[in-house]
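Text of the file query_15.txt, holding compact mmCIF, C-alpha atoms:
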```txt
# COMPACT_ATOMS: atom_id res chain seq x y z
CA MET A 1 -1.23 17.15 26.49
CA ALA A 2 1.79 18.61 28.31
CA GLU A 3 1.74 21.56 25.89
CA TRP A 4 -2.00 22.20 26.02
CA SER A 5 -2.89 25.61 27.36
CA LEU A 6 -5.66 26.71 29.63
CA TYR A 7 -8.65 28.64 28.31
CA GLU A 8 -11.33 30.38 30.34
CA VAL A 9 -14.88 29.69 29.21
CA PHE A 10 -17.75 32.17 29.16
CA VAL A 11 -21.27 31.09 28.28
CA ARG A 12 -24.33 33.18 27.54
CA SER A 13 -27.48 31.37 28.55
CA LYS A 14 -30.79 31.51 26.72
CA HIS A 15 -32.25 34.25 28.83
CA GLY A 16 -28.99 35.81 29.89
CA LEU A 17 -27.84 39.13 28.53
CA ASN A 18 -24.16 38.63 29.18
CA HIS A 19 -21.56 35.91 28.99
CA LYS A 20 -20.72 34.48 32.37
CA HIS A 21 -17.56 32.73 33.42
CA VAL A 22 -18.34 29.03 33.90
CA GLY A 23 -14.92 27.40 34.19
CA SER A 24 -11.90 26.50 32.13
CA VAL A 25 -10.71 23.87 29.64
CA HIS A 26 -7.39 22.57 28.39
CA ALA A 27 -6.87 22.66 24.63
CA ALA A 28 -4.15 22.74 21.99
CA ASP A 29 -5.68 25.70 20.16
CA ALA A 30 -8.67 28.04 20.22
CA ALA A 31 -10.78 25.85 17.93
CA MET A 32 -10.28 22.87 20.21
CA ALA A 33 -11.00 25.03 23.24
CA MET A 34 -14.31 26.02 21.66
CA GLU A 35 -15.26 22.39 21.03
CA ASN A 36 -14.17 21.29 24.48
CA ALA A 37 -16.12 24.14 26.05
CA ARG A 38 -19.21 23.12 24.08
CA ASP A 39 -18.82 19.54 25.23
CA LEU A 40 -18.14 20.33 28.87
CA TYR A 41 -20.26 23.36 29.63
CA THR A 42 -23.31 23.26 27.37
CA ARG A 43 -24.27 19.59 27.81
CA ARG A 44 -27.49 20.41 29.58
CA ASN A 45 -28.84 23.02 27.26
CA GLU A 46 -27.19 25.88 29.11
CA GLY A 47 -25.97 28.06 26.34
CA VAL A 48 -26.57 29.93 23.11
CA SER A 49 -23.13 31.49 22.79
CA ILE A 50 -19.61 30.66 23.98
CA TRP A 51 -16.45 32.71 24.36
CA VAL A 52 -13.09 31.10 25.05
CA VAL A 53 -10.16 33.25 26.16
CA PRO A 54 -6.57 32.14 26.77
CA SER A 55 -6.14 32.24 30.54
CA SER A 56 -2.76 33.87 29.97
CA ALA A 57 -4.55 36.88 28.43
CA ILE A 58 -6.31 37.66 31.68
CA THR A 59 -4.86 40.22 34.04
CA ALA A 60 -6.11 39.55 37.54
CA SER A 61 -6.09 41.67 40.65
CA THR A 62 -3.99 40.29 43.47
CA GLY A 63 -4.96 39.59 47.06
CA ASP A 64 -2.73 42.24 48.61
CA GLU A 65 -4.45 44.93 46.55
CA LYS A 66 -7.76 44.02 48.12
CA GLU A 67 -7.91 46.80 50.73
CA ALA A 68 -6.96 49.56 48.35
CA LEU A 69 -9.22 48.37 45.58
CA PHE A 70 -12.35 47.31 47.36
CA ASP A 71 -12.57 48.61 50.91
CA PRO A 72 -13.11 52.27 49.92
CA SER A 73 -16.48 51.44 48.36
CA GLU A 74 -17.79 49.86 51.52
CA ASP A 75 -19.24 53.06 53.07
CA LYS A 76 -20.50 54.69 49.89
CA VAL A 77 -24.08 53.57 49.93
CA TYR A 78 -25.06 56.52 47.76
CA ARG A 79 -23.54 54.68 44.82
CA HIS A 80 -26.39 52.19 44.94
CA ALA A 81 -29.36 53.42 42.99
CA SER A 82 -31.64 52.51 45.87
CA PHE A 83 -32.70 56.03 46.86
CA TYR A 84 -34.83 56.67 43.83
CA GLN A 85 -38.48 55.87 43.35
CA LEU A 86 -38.70 53.96 40.10
CA PRO A 87 -41.88 54.60 38.12
CA ASP A 88 -43.71 51.33 37.43
CA GLU A 89 -43.41 51.85 33.68
CA VAL A 90 -39.64 51.43 33.85
CA GLY A 91 -40.03 47.83 34.91
CA HIS A 92 -37.12 45.60 35.81
CA MET A 93 -33.78 47.38 35.95
CA MET B 1 -38.14 -8.59 -0.58
CA THR B 2 -41.20 -6.49 0.16
CA ASP B 3 -40.86 -2.74 0.52
CA THR B 4 -41.18 -2.99 4.29
CA GLN B 5 -38.51 -5.69 4.53
CA LEU B 6 -36.27 -3.58 2.33
CA LEU B 7 -36.74 -0.58 4.58
CA GLN B 8 -36.11 -2.69 7.67
CA SER B 9 -32.81 -4.02 6.39
CA TYR B 10 -31.69 -0.55 5.38
CA LEU B 11 -32.62 1.02 8.73
CA LEU B 12 -31.03 -1.85 10.62
CA ARG B 13 -27.70 -1.00 8.99
CA LEU B 14 -27.96 2.54 10.28
CA ALA B 15 -29.04 1.39 13.72
CA ASP B 16 -26.35 -1.29 14.04
CA SER B 17 -23.59 0.99 12.77
CA ASP B 18 -24.59 3.66 15.29
CA MET B 19 -24.83 1.11 18.08
CA ILE B 20 -21.51 -0.62 17.46
CA LEU B 21 -19.54 2.58 17.01
CA GLY B 22 -21.19 3.98 20.14
CA GLN B 23 -20.19 0.86 22.06
CA ARG B 24 -16.63 1.06 20.72
CA LEU B 25 -16.30 4.68 21.82
CA CYS B 26 -17.68 3.85 25.25
CA GLU B 27 -14.72 1.51 25.75
CA LEU B 28 -12.67 4.70 26.09
CA CYS B 29 -14.69 5.87 29.08
CA GLY B 30 -12.15 6.47 31.84
CA LYS B 31 -9.25 6.01 29.42
CA ALA B 32 -9.35 9.00 27.07
CA PRO B 33 -6.16 11.06 26.78
CA ALA B 34 -7.63 14.09 28.55
CA LEU B 35 -10.70 14.89 30.61
CA GLU B 36 -12.00 17.24 27.94
CA GLU B 37 -11.62 14.58 25.25
CA GLU B 38 -13.33 12.03 27.39
CA MET B 39 -16.42 14.17 27.81
CA ALA B 40 -16.47 14.95 24.11
CA LEU B 41 -16.07 11.31 23.11
CA MET B 42 -18.80 10.13 25.43
CA ASN B 43 -21.10 12.83 24.07
CA VAL B 44 -20.54 11.45 20.60
CA ALA B 45 -20.92 7.86 21.79
CA LEU B 46 -24.22 8.54 23.52
CA ASP B 47 -25.51 10.57 20.57
CA LEU B 48 -24.92 7.47 18.46
CA VAL B 49 -26.57 5.11 20.95
CA GLY B 50 -29.55 7.47 21.08
CA GLN B 51 -29.80 7.48 17.30
CA ALA B 52 -29.54 3.69 17.27
CA ARG B 53 -32.46 3.49 19.68
CA ASN B 54 -34.62 5.71 17.47
CA TRP B 55 -33.91 3.56 14.42
CA TYR B 56 -34.37 0.29 16.36
CA GLU B 57 -37.73 1.42 17.67
CA TYR B 58 -38.92 2.14 14.17
CA VAL B 59 -37.55 -1.14 12.81
CA ALA B 60 -39.32 -3.00 15.63
CA GLU B 61 -42.61 -1.31 14.73
CA LEU B 62 -42.17 -2.10 11.05
CA GLU B 63 -41.48 -5.79 11.63
CA ASP B 64 -44.32 -6.01 14.17
CA GLN B 65 -43.18 -9.24 15.82
CA GLY B 66 -43.29 -8.09 19.41
CA ARG B 67 -39.60 -7.21 19.53
CA ASP B 68 -38.49 -3.86 20.91
CA ALA B 69 -35.31 -1.80 20.64
CA ASP B 70 -33.61 -3.71 23.46
CA MET B 71 -34.37 -7.06 21.84
CA LEU B 72 -32.87 -5.90 18.58
CA ALA B 73 -29.75 -4.52 20.22
CA PHE B 74 -29.09 -7.21 22.80
CA ARG B 75 -30.57 -10.46 21.49
CA ARG B 76 -29.18 -10.70 17.99
CA ASP B 77 -25.96 -12.51 17.23
CA ALA B 78 -23.07 -11.25 15.11
CA HIS B 79 -24.30 -12.69 11.80
CA GLU B 80 -27.59 -10.83 12.29
CA TYR B 81 -25.82 -7.52 12.79
CA ARG B 82 -25.67 -5.29 9.73
CA ASN B 83 -23.21 -2.63 10.85
CA LEU B 84 -20.45 -1.33 8.61
CA LEU B 85 -17.16 -3.17 9.21
CA LEU B 86 -15.47 0.16 9.85
CA THR B 87 -17.47 0.72 13.03
CA GLU B 88 -16.35 -2.51 14.71
CA GLN B 89 -12.62 -1.91 14.24
CA PRO B 90 -10.68 -1.50 17.51
CA ASN B 91 -9.94 1.93 18.94
CA GLY B 92 -6.17 1.62 18.47
CA ASP B 93 -4.28 4.81 19.23
CA TYR B 94 -6.07 8.16 19.11
CA ALA B 95 -5.23 8.59 15.43
CA VAL B 96 -7.07 5.34 14.64
CA THR B 97 -10.04 6.32 16.81
CA MET B 98 -10.29 9.65 15.01
CA ALA B 99 -9.68 8.31 11.49
CA ARG B 100 -12.45 5.75 12.02
CA GLN B 101 -14.72 8.49 13.34
CA PHE B 102 -13.93 10.83 10.46
CA PHE B 103 -14.52 8.27 7.70
CA PHE B 104 -17.77 7.29 9.38
CA ASP B 105 -18.91 10.87 10.05
CA VAL B 106 -18.48 11.90 6.41
CA TRP B 107 -20.61 8.93 5.31
CA HIS B 108 -23.12 9.49 8.11
CA TYR B 109 -23.48 13.19 7.39
CA HIS B 110 -24.17 12.74 3.68
CA THR B 111 -26.50 9.80 4.28
CA LEU B 112 -28.55 11.78 6.78
CA GLN B 113 -28.63 14.75 4.39
CA SER B 114 -30.70 12.53 2.08
CA LEU B 115 -32.78 10.89 4.79
CA VAL B 116 -34.08 14.23 6.08
CA ASN B 117 -35.93 14.50 2.77
CA ALA B 118 -37.40 11.00 2.90
CA PRO B 119 -41.14 10.87 2.16
CA ASP B 120 -41.58 8.78 5.35
CA GLU B 121 -42.04 11.41 8.07
CA ARG B 122 -40.71 9.16 10.79
CA ILE B 123 -37.42 8.65 8.94
CA ALA B 124 -37.16 12.34 8.10
CA GLY B 125 -37.75 13.25 11.76
CA ILE B 126 -35.17 10.86 13.20
CA ALA B 127 -32.68 11.92 10.55
CA ALA B 128 -33.23 15.62 11.20
CA LYS B 129 -32.46 15.22 14.89
CA ALA B 130 -29.44 13.04 14.12
CA LEU B 131 -28.11 15.39 11.47
CA LYS B 132 -27.62 18.20 13.98
CA GLU B 133 -25.57 15.90 16.18
CA VAL B 134 -23.60 14.43 13.31
CA THR B 135 -22.78 17.85 11.86
CA TYR B 136 -20.92 18.49 15.09
CA HIS B 137 -19.31 15.02 15.12
CA LEU B 138 -17.95 15.68 11.66
CA ARG B 139 -16.64 19.08 12.59
CA ARG B 140 -14.82 17.61 15.58
CA SER B 141 -13.31 14.63 13.80
CA SER B 142 -12.21 16.77 10.80
CA GLU B 143 -10.41 19.11 13.17
CA TRP B 144 -8.60 16.18 14.78
CA ILE B 145 -7.51 14.78 11.40
CA LYS B 146 -5.98 18.15 10.53
CA ARG B 147 -4.51 18.70 13.96
CA LEU B 148 -2.78 15.33 14.07
CA GLY B 149 -1.97 15.08 10.35
CA ASP B 150 -0.44 18.54 10.21
CA GLY B 151 1.00 18.36 13.71
CA THR B 152 4.29 16.87 14.81
CA GLU B 153 6.33 14.32 12.91
CA GLU B 154 5.03 11.56 15.16
CA SER B 155 1.38 12.61 15.03
CA HIS B 156 1.63 12.86 11.23
CA ARG B 157 3.10 9.39 10.98
CA ARG B 158 0.45 7.90 13.25
CA MET B 159 -2.36 9.64 11.43
CA GLN B 160 -1.12 8.43 8.05
CA ASP B 161 -0.80 4.89 9.45
CA ALA B 162 -4.38 5.09 10.73
CA VAL B 163 -5.67 6.24 7.33
CA ASP B 164 -3.81 3.38 5.63
CA LEU B 165 -5.02 0.86 8.20
CA LEU B 166 -8.70 1.73 7.95
CA TRP B 167 -8.95 2.61 4.28
CA ARG B 168 -9.77 -1.01 3.37
CA PHE B 169 -13.01 -0.77 5.36
CA THR B 170 -14.28 2.38 3.64
CA GLY B 171 -15.31 0.74 0.36
CA GLU B 172 -18.42 -0.57 2.02
CA LEU B 173 -19.55 2.97 2.83
CA ILE B 174 -19.74 4.01 -0.80
CA GLN B 175 -20.20 0.79 -2.74
CA PRO B 176 -23.95 0.23 -3.03
CA ASP B 177 -25.58 -3.18 -2.91
CA GLU B 178 -29.10 -4.13 -3.95
CA VAL B 179 -30.68 -2.66 -0.80
CA ASP B 180 -28.89 0.68 -1.18
CA GLN B 181 -29.95 0.86 -4.84
CA GLN B 182 -33.60 0.12 -4.08
CA ILE B 183 -33.73 2.54 -1.18
CA ALA B 184 -32.25 5.26 -3.37
CA LYS B 185 -34.75 4.48 -6.11
CA ALA B 186 -37.57 4.83 -3.58
CA GLY B 187 -36.35 8.37 -2.87
CA ILE B 188 -35.36 7.55 0.72
CA GLY B 189 -31.61 7.00 0.83
CA PRO B 190 -28.87 8.87 -1.00
CA ASP B 191 -28.12 8.36 -4.66
CA PRO B 192 -25.14 5.94 -4.54
CA GLU B 193 -23.02 7.82 -7.08
CA GLN B 194 -23.68 11.12 -5.38
CA LEU B 195 -22.81 9.64 -1.99
CA ARG B 196 -19.58 8.19 -3.36
CA ASP B 197 -18.54 11.51 -4.91
CA ASP B 198 -19.47 13.47 -1.79
CA TRP B 199 -17.60 11.08 0.48
CA ARG B 200 -14.47 11.01 -1.65
CA GLY B 201 -14.56 14.76 -2.20
CA MET B 202 -14.81 15.66 1.46
CA VAL B 203 -12.38 13.00 2.68
CA LYS B 204 -9.75 14.00 0.14
CA ALA B 205 -10.14 17.71 0.89
CA VAL B 206 -9.64 17.21 4.62
CA LEU B 207 -6.76 14.75 4.15
CA GLN B 208 -5.06 17.18 1.82
CA GLU B 209 -5.37 20.00 4.32
CA ALA B 210 -3.99 17.62 6.93
CA THR B 211 -0.99 16.87 4.64
CA LEU B 212 -2.10 13.21 4.51
CA THR B 213 -2.30 10.93 1.48
CA PRO B 214 -5.42 8.88 0.71
CA GLN B 215 -5.14 5.40 -0.76
CA PRO B 216 -6.14 4.96 -4.40
CA ASP B 217 -9.85 4.73 -5.23
CA ASP B 218 -9.38 1.21 -6.61
CA ALA B 219 -7.62 -0.11 -3.49
CA TRP B 220 -8.80 -3.57 -2.39
CA MET B 221 -11.73 -3.36 0.01
CA TYR B 222 -13.31 -5.57 2.65
CA LEU B 223 -17.06 -5.82 2.17
CA GLY B 224 -19.68 -7.86 3.96
CA GLY B 225 -20.81 -5.99 7.06
CA LYS B 226 -24.07 -5.05 5.39
CA ARG B 227 -24.68 -8.76 4.72
CA GLY B 228 -23.78 -9.84 8.26
CA GLU B 229 -20.29 -11.09 7.40
CA HIS B 230 -18.08 -9.46 9.98
CA THR B 231 -14.47 -9.22 11.08
CA GLU B 232 -13.50 -11.17 14.17
CA HIS B 233 -14.00 -8.13 16.38
CA LEU B 234 -17.79 -7.97 16.37
CA GLY B 235 -18.31 -11.16 18.41
CA PHE B 236 -16.18 -9.80 21.24
CA ILE B 237 -18.00 -6.47 21.21
CA LEU B 238 -21.37 -8.22 21.44
CA ALA B 239 -20.16 -10.60 24.14
CA GLU B 240 -19.44 -7.65 26.38
CA MET B 241 -22.36 -5.49 25.30
CA GLN B 242 -24.99 -8.21 25.52
CA PHE B 243 -23.77 -10.04 28.61
CA LEU B 244 -26.36 -8.73 31.03
CA GLN B 245 -29.34 -9.30 28.74
CA ARG B 246 -28.08 -12.74 27.83
CA ALA B 247 -27.38 -13.78 31.43
CA TYR B 248 -30.54 -12.27 32.90
CA PRO B 249 -33.10 -12.01 30.09
CA ASP B 250 -35.92 -9.57 30.77
CA ALA B 251 -34.60 -8.76 34.24
CA LYS B 252 -36.37 -5.70 35.58
CA VAL B 253 -33.96 -4.90 38.40
CA TRP B 254 -30.21 -5.30 38.10
```

Starting from the file, lay out its structure as structure tokens.
Amino acid sequence: MAEWSLYEVFVRSKHGLNHKHVGSVHAADAAMAMENARDLYTRRNEGVSIWVVPSSAITASTGDEKEALFDPSEDKVYRHASFYQLPDEVGHM
Amino acid sequence: MTDTQLLQSYLLRLADSDMILGQRLCELCGKAPALEEEMALMNVALDLVGQARNWYEYVAELEDQGRDADMLAFRRDAHEYRNLLLTEQPNGDYAVTMARQFFFDVWHYHTLQSLVNAPDERIAGIAAKALKEVTYHLRRSSEWIKRLGDGTEESHRRMQDAVDLLWRFTGELIQPDEVDQQIAKAGIGPDPEQLRDDWRGMVKAVLQEATLTPQPDDAWMYLGGKRGEHTEHLGFILAEMQFLQRAYPDAKVW
């Protein structure tokens, strides 16, 4: 148990198009992580596909980068595709 | 024995084995080695209890004496239980818990493989639902056998000890008695020779991959669970499991 590593779990739901992060599990190897993820995160019929990724493989942004990374997009409303009239035929986008 | 009685005694073995192993696994609730394992174990345990209920309900209908699933589970004494002796063995360390699970899962999987083709639609339906669950149980327990067997020196030693400890209870899984023979002949249950070969084949393959050694095929075996002759453990399991129903029969509110 002391040597078990942490894995991040991503689950794609029945009607979902993408895998979403749902939490993490401890496991000795990837196969066990997959089983543990199945048992912890798809108990209530949530999923049709699971990814497990070693948490150590994730590179995360840090808090002190926040201003430089995210603040500049605050005043750039033109990046939202909300100024176009969508024809009805296009449907949900 | 009439055909219906024959079917009842066969289904009761399935139901009781599921029930007792489920109860055994539930003893680990709150005590499993890791949170993830606990959830997984309880999933398996409750799958088995659910399967037991399905079989009990059908048995109760077949016998038609006004008993229901609860009566069958909670109002029968040890000598009336027909579970495999393997399922009532104590949890021991995690190697024992997993060896017991693995030996049982291999038997369960191949038995259900036959039952899904039973001419009786009710049996085929219950078995089909159970088979999906058991396919996963087997995958999980096989992985644990390999992980512990081919793990550290200590995990290997414990796993081998667990295999040696429980081997004597596996004969009952693959040695047919009159009921097994008749049920096979009726095209419901598995052909006994096929079941024996499948069980041995799969168990040996996984043990080999796990660098573990099986006991010889002609090792001495305990039999009797299918006749209601149990090891000393079953009485204690039932005492705990049946306490509420025995103390407050038919209570509607706890």

Identify all chain B residues at most 10 Å from chain A by counting only C-alpha atoms; ligands do not count. Present them as a ChimeraX atom specification. /B:33-44,136,139-140,143-144,147

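For the set B:Gly30, B:Gly22, B:Gly125, B:Pro119, the residue with the smallest atom-to-atom gap to Tyr58 (chain B) is B:Gly125, counting all atoms listed in the file.
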
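Here CA of Leu195 (chain B) is placed at a distance of 24.5 Å from CA of Arg53 (chain B).
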
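The gap separating CA of Leu48 (chain B) from CA of Leu21 (chain B) is 7.4 Å, in Å to one decimal.
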
Residues near Val11 (chain A), anyone? I mean within 9 Å using only C-alpha atoms, not counting same-chain ones fewer than 3 positions away, as a ChimeraX atom specification. /A:18-22,37,41-42,46-52

Using C-alpha atoms, can you write the selected residues to a file as a PDB file, in the frame of the given file?
```pdb
ATOM      1  CA  ASN A  18     -24.160  38.630  29.180  1.00  0.00           C
ATOM      2  CA  HIS A  19     -21.560  35.910  28.990  1.00  0.00           C
ATOM      3  CA  LYS A  20     -20.720  34.480  32.370  1.00  0.00           C
ATOM      4  CA  HIS A  21     -17.560  32.730  33.420  1.00  0.00           C
ATOM      5  CA  VAL A  22     -18.340  29.030  33.900  1.00  0.00           C
ATOM      6  CA  ALA A  37     -16.120  24.140  26.050  1.00  0.00           C
ATOM      7  CA  TYR A  41     -20.260  23.360  29.630  1.00  0.00           C
ATOM      8  CA  THR A  42     -23.310  23.260  27.370  1.00  0.00           C
ATOM      9  CA  GLU A  46     -27.190  25.880  29.110  1.00  0.00           C
ATOM     10  CA  GLY A  47     -25.970  28.060  26.340  1.00  0.00           C
ATOM     11  CA  VAL A  48     -26.570  29.930  23.110  1.00  0.00           C
ATOM     12  CA  SER A  49     -23.130  31.490  22.790  1.00  0.00           C
ATOM     13  CA  ILE A  50     -19.610  30.660  23.980  1.00  0.00           C
ATOM     14  CA  TRP A  51     -16.450  32.710  24.360  1.00  0.00           C
ATOM     15  CA  VAL A  52     -13.090  31.100  25.050  1.00  0.00           C
TER      16      VAL A  52
END
```

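Note that CA of Tyr81 (chain B) and CA of Asp180 (chain B) are 16.5 Å apart.
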
Contacts of Pro190 (chain B) at 9 Å or less, counting all atoms listed in the file, minus same-chain residues fewer than 5 places along, as a PDB file with C-alpha atoms, keeping the file's coordinate frame?
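See out.pdb below for the written result:
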```pdb
ATOM      1  CA  HIS B 110     -24.170  12.740   3.680  1.00  0.00           C
ATOM      2  CA  THR B 111     -26.500   9.800   4.280  1.00  0.00           C
ATOM      3  CA  LEU B 112     -28.550  11.780   6.780  1.00  0.00           C
ATOM      4  CA  GLN B 113     -28.630  14.750   4.390  1.00  0.00           C
ATOM      5  CA  SER B 114     -30.700  12.530   2.080  1.00  0.00           C
ATOM      6  CA  LEU B 115     -32.780  10.890   4.790  1.00  0.00           C
ATOM      7  CA  ASP B 180     -28.890   0.680  -1.180  1.00  0.00           C
ATOM      8  CA  GLN B 181     -29.950   0.860  -4.840  1.00  0.00           C
ATOM      9  CA  ILE B 183     -33.730   2.540  -1.180  1.00  0.00           C
ATOM     10  CA  ALA B 184     -32.250   5.260  -3.370  1.00  0.00           C
ATOM     11  CA  LYS B 185     -34.750   4.480  -6.110  1.00  0.00           C
ATOM     12  CA  LEU B 195     -22.810   9.640  -1.990  1.00  0.00           C
TER      13      LEU B 195
END
```

Could you add N, CA and C atoms to region 19-41 of chain A and give me the result as a PDB file, in the frame of the given file?
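Result saved to selection.pdb:
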```pdb
ATOM      1  N   HIS A  19     -22.317  37.149  28.835  1.00  0.00           N
ATOM      2  CA  HIS A  19     -21.560  35.910  28.990  1.00  0.00           C
ATOM      3  C   HIS A  19     -21.050  35.820  30.426  1.00  0.00           C
ATOM      4  N   LYS A  20     -21.198  34.652  30.995  1.00  0.00           N
ATOM      5  CA  LYS A  20     -20.720  34.480  32.370  1.00  0.00           C
ATOM      6  C   LYS A  20     -19.609  33.446  32.419  1.00  0.00           C
ATOM      7  N   HIS A  21     -18.656  33.674  33.293  1.00  0.00           N
ATOM      8  CA  HIS A  21     -17.560  32.730  33.420  1.00  0.00           C
ATOM      9  C   HIS A  21     -18.099  31.434  34.034  1.00  0.00           C
ATOM     10  N   VAL A  22     -17.811  30.295  33.387  1.00  0.00           N
ATOM     11  CA  VAL A  22     -18.340  29.030  33.900  1.00  0.00           C
ATOM     12  C   VAL A  22     -17.235  28.058  34.301  1.00  0.00           C
ATOM     13  N   GLY A  23     -16.010  28.322  33.850  1.00  0.00           N
ATOM     14  CA  GLY A  23     -14.920  27.400  34.190  1.00  0.00           C
ATOM     15  C   GLY A  23     -13.821  27.495  33.162  1.00  0.00           C
ATOM     16  N   SER A  24     -13.005  26.450  33.075  1.00  0.00           N
ATOM     17  CA  SER A  24     -11.900  26.500  32.130  1.00  0.00           C
ATOM     18  C   SER A  24     -11.720  25.142  31.458  1.00  0.00           C
ATOM     19  N   VAL A  25     -11.019  25.120  30.337  1.00  0.00           N
ATOM     20  CA  VAL A  25     -10.710  23.870  29.640  1.00  0.00           C
ATOM     21  C   VAL A  25      -9.241  23.882  29.196  1.00  0.00           C
ATOM     22  N   HIS A  26      -8.693  22.697  29.033  1.00  0.00           N
ATOM     23  CA  HIS A  26      -7.390  22.570  28.390  1.00  0.00           C
ATOM     24  C   HIS A  26      -7.612  22.329  26.902  1.00  0.00           C
ATOM     25  N   ALA A  27      -6.758  22.899  26.072  1.00  0.00           N
ATOM     26  CA  ALA A  27      -6.870  22.660  24.630  1.00  0.00           C
ATOM     27  C   ALA A  27      -5.573  23.057  23.945  1.00  0.00           C
ATOM     28  N   ALA A  28      -5.374  22.468  22.747  1.00  0.00           N
ATOM     29  CA  ALA A  28      -4.150  22.740  21.990  1.00  0.00           C
ATOM     30  C   ALA A  28      -4.260  24.063  21.225  1.00  0.00           C
ATOM     31  N   ASP A  29      -5.480  24.448  20.877  1.00  0.00           N
ATOM     32  CA  ASP A  29      -5.680  25.700  20.160  1.00  0.00           C
ATOM     33  C   ASP A  29      -7.093  26.212  20.433  1.00  0.00           C
ATOM     34  N   ALA A  30      -7.382  27.401  19.905  1.00  0.00           N
ATOM     35  CA  ALA A  30      -8.670  28.040  20.220  1.00  0.00           C
ATOM     36  C   ALA A  30      -9.851  27.228  19.687  1.00  0.00           C
ATOM     37  N   ALA A  31      -9.681  26.631  18.493  1.00  0.00           N
ATOM     38  CA  ALA A  31     -10.780  25.850  17.930  1.00  0.00           C
ATOM     39  C   ALA A  31     -11.102  24.657  18.827  1.00  0.00           C
ATOM     40  N   MET A  32     -10.060  24.014  19.328  1.00  0.00           N
ATOM     41  CA  MET A  32     -10.280  22.870  20.210  1.00  0.00           C
ATOM     42  C   MET A  32     -10.879  23.332  21.536  1.00  0.00           C
ATOM     43  N   ALA A  33     -10.446  24.498  21.989  1.00  0.00           N
ATOM     44  CA  ALA A  33     -11.000  25.030  23.240  1.00  0.00           C
ATOM     45  C   ALA A  33     -12.502  25.272  23.090  1.00  0.00           C
ATOM     46  N   MET A  34     -12.892  25.767  21.919  1.00  0.00           N
ATOM     47  CA  MET A  34     -14.310  26.020  21.660  1.00  0.00           C
ATOM     48  C   MET A  34     -15.104  24.712  21.707  1.00  0.00           C
ATOM     49  N   GLU A  35     -14.564  23.678  21.053  1.00  0.00           N
ATOM     50  CA  GLU A  35     -15.260  22.390  21.030  1.00  0.00           C
ATOM     51  C   GLU A  35     -15.312  21.771  22.431  1.00  0.00           C
ATOM     52  N   ASN A  36     -14.189  21.851  23.135  1.00  0.00           N
ATOM     53  CA  ASN A  36     -14.170  21.290  24.480  1.00  0.00           C
ATOM     54  C   ASN A  36     -15.141  22.031  25.403  1.00  0.00           C
ATOM     55  N   ALA A  37     -15.214  23.342  25.222  1.00  0.00           N
ATOM     56  CA  ALA A  37     -16.120  24.140  26.050  1.00  0.00           C
ATOM     57  C   ALA A  37     -17.569  23.745  25.749  1.00  0.00           C
ATOM     58  N   ARG A  38     -17.855  23.552  24.477  1.00  0.00           N
ATOM     59  CA  ARG A  38     -19.210  23.120  24.080  1.00  0.00           C
ATOM     60  C   ARG A  38     -19.536  21.785  24.737  1.00  0.00           C
ATOM     61  N   ASP A  39     -18.555  20.874  24.720  1.00  0.00           N
ATOM     62  CA  ASP A  39     -18.820  19.540  25.230  1.00  0.00           C
ATOM     63  C   ASP A  39     -18.868  19.476  26.752  1.00  0.00           C
ATOM     64  N   LEU A  40     -18.153  20.374  27.407  1.00  0.00           N
ATOM     65  CA  LEU A  40     -18.140  20.330  28.870  1.00  0.00           C
ATOM     66  C   LEU A  40     -19.200  21.210  29.518  1.00  0.00           C
ATOM     67  N   TYR A  41     -19.459  22.370  28.910  1.00  0.00           N
ATOM     68  CA  TYR A  41     -20.260  23.360  29.630  1.00  0.00           C
ATOM     69  C   TYR A  41     -21.631  23.641  29.030  1.00  0.00           C
TER      70      TYR A  41
END
```
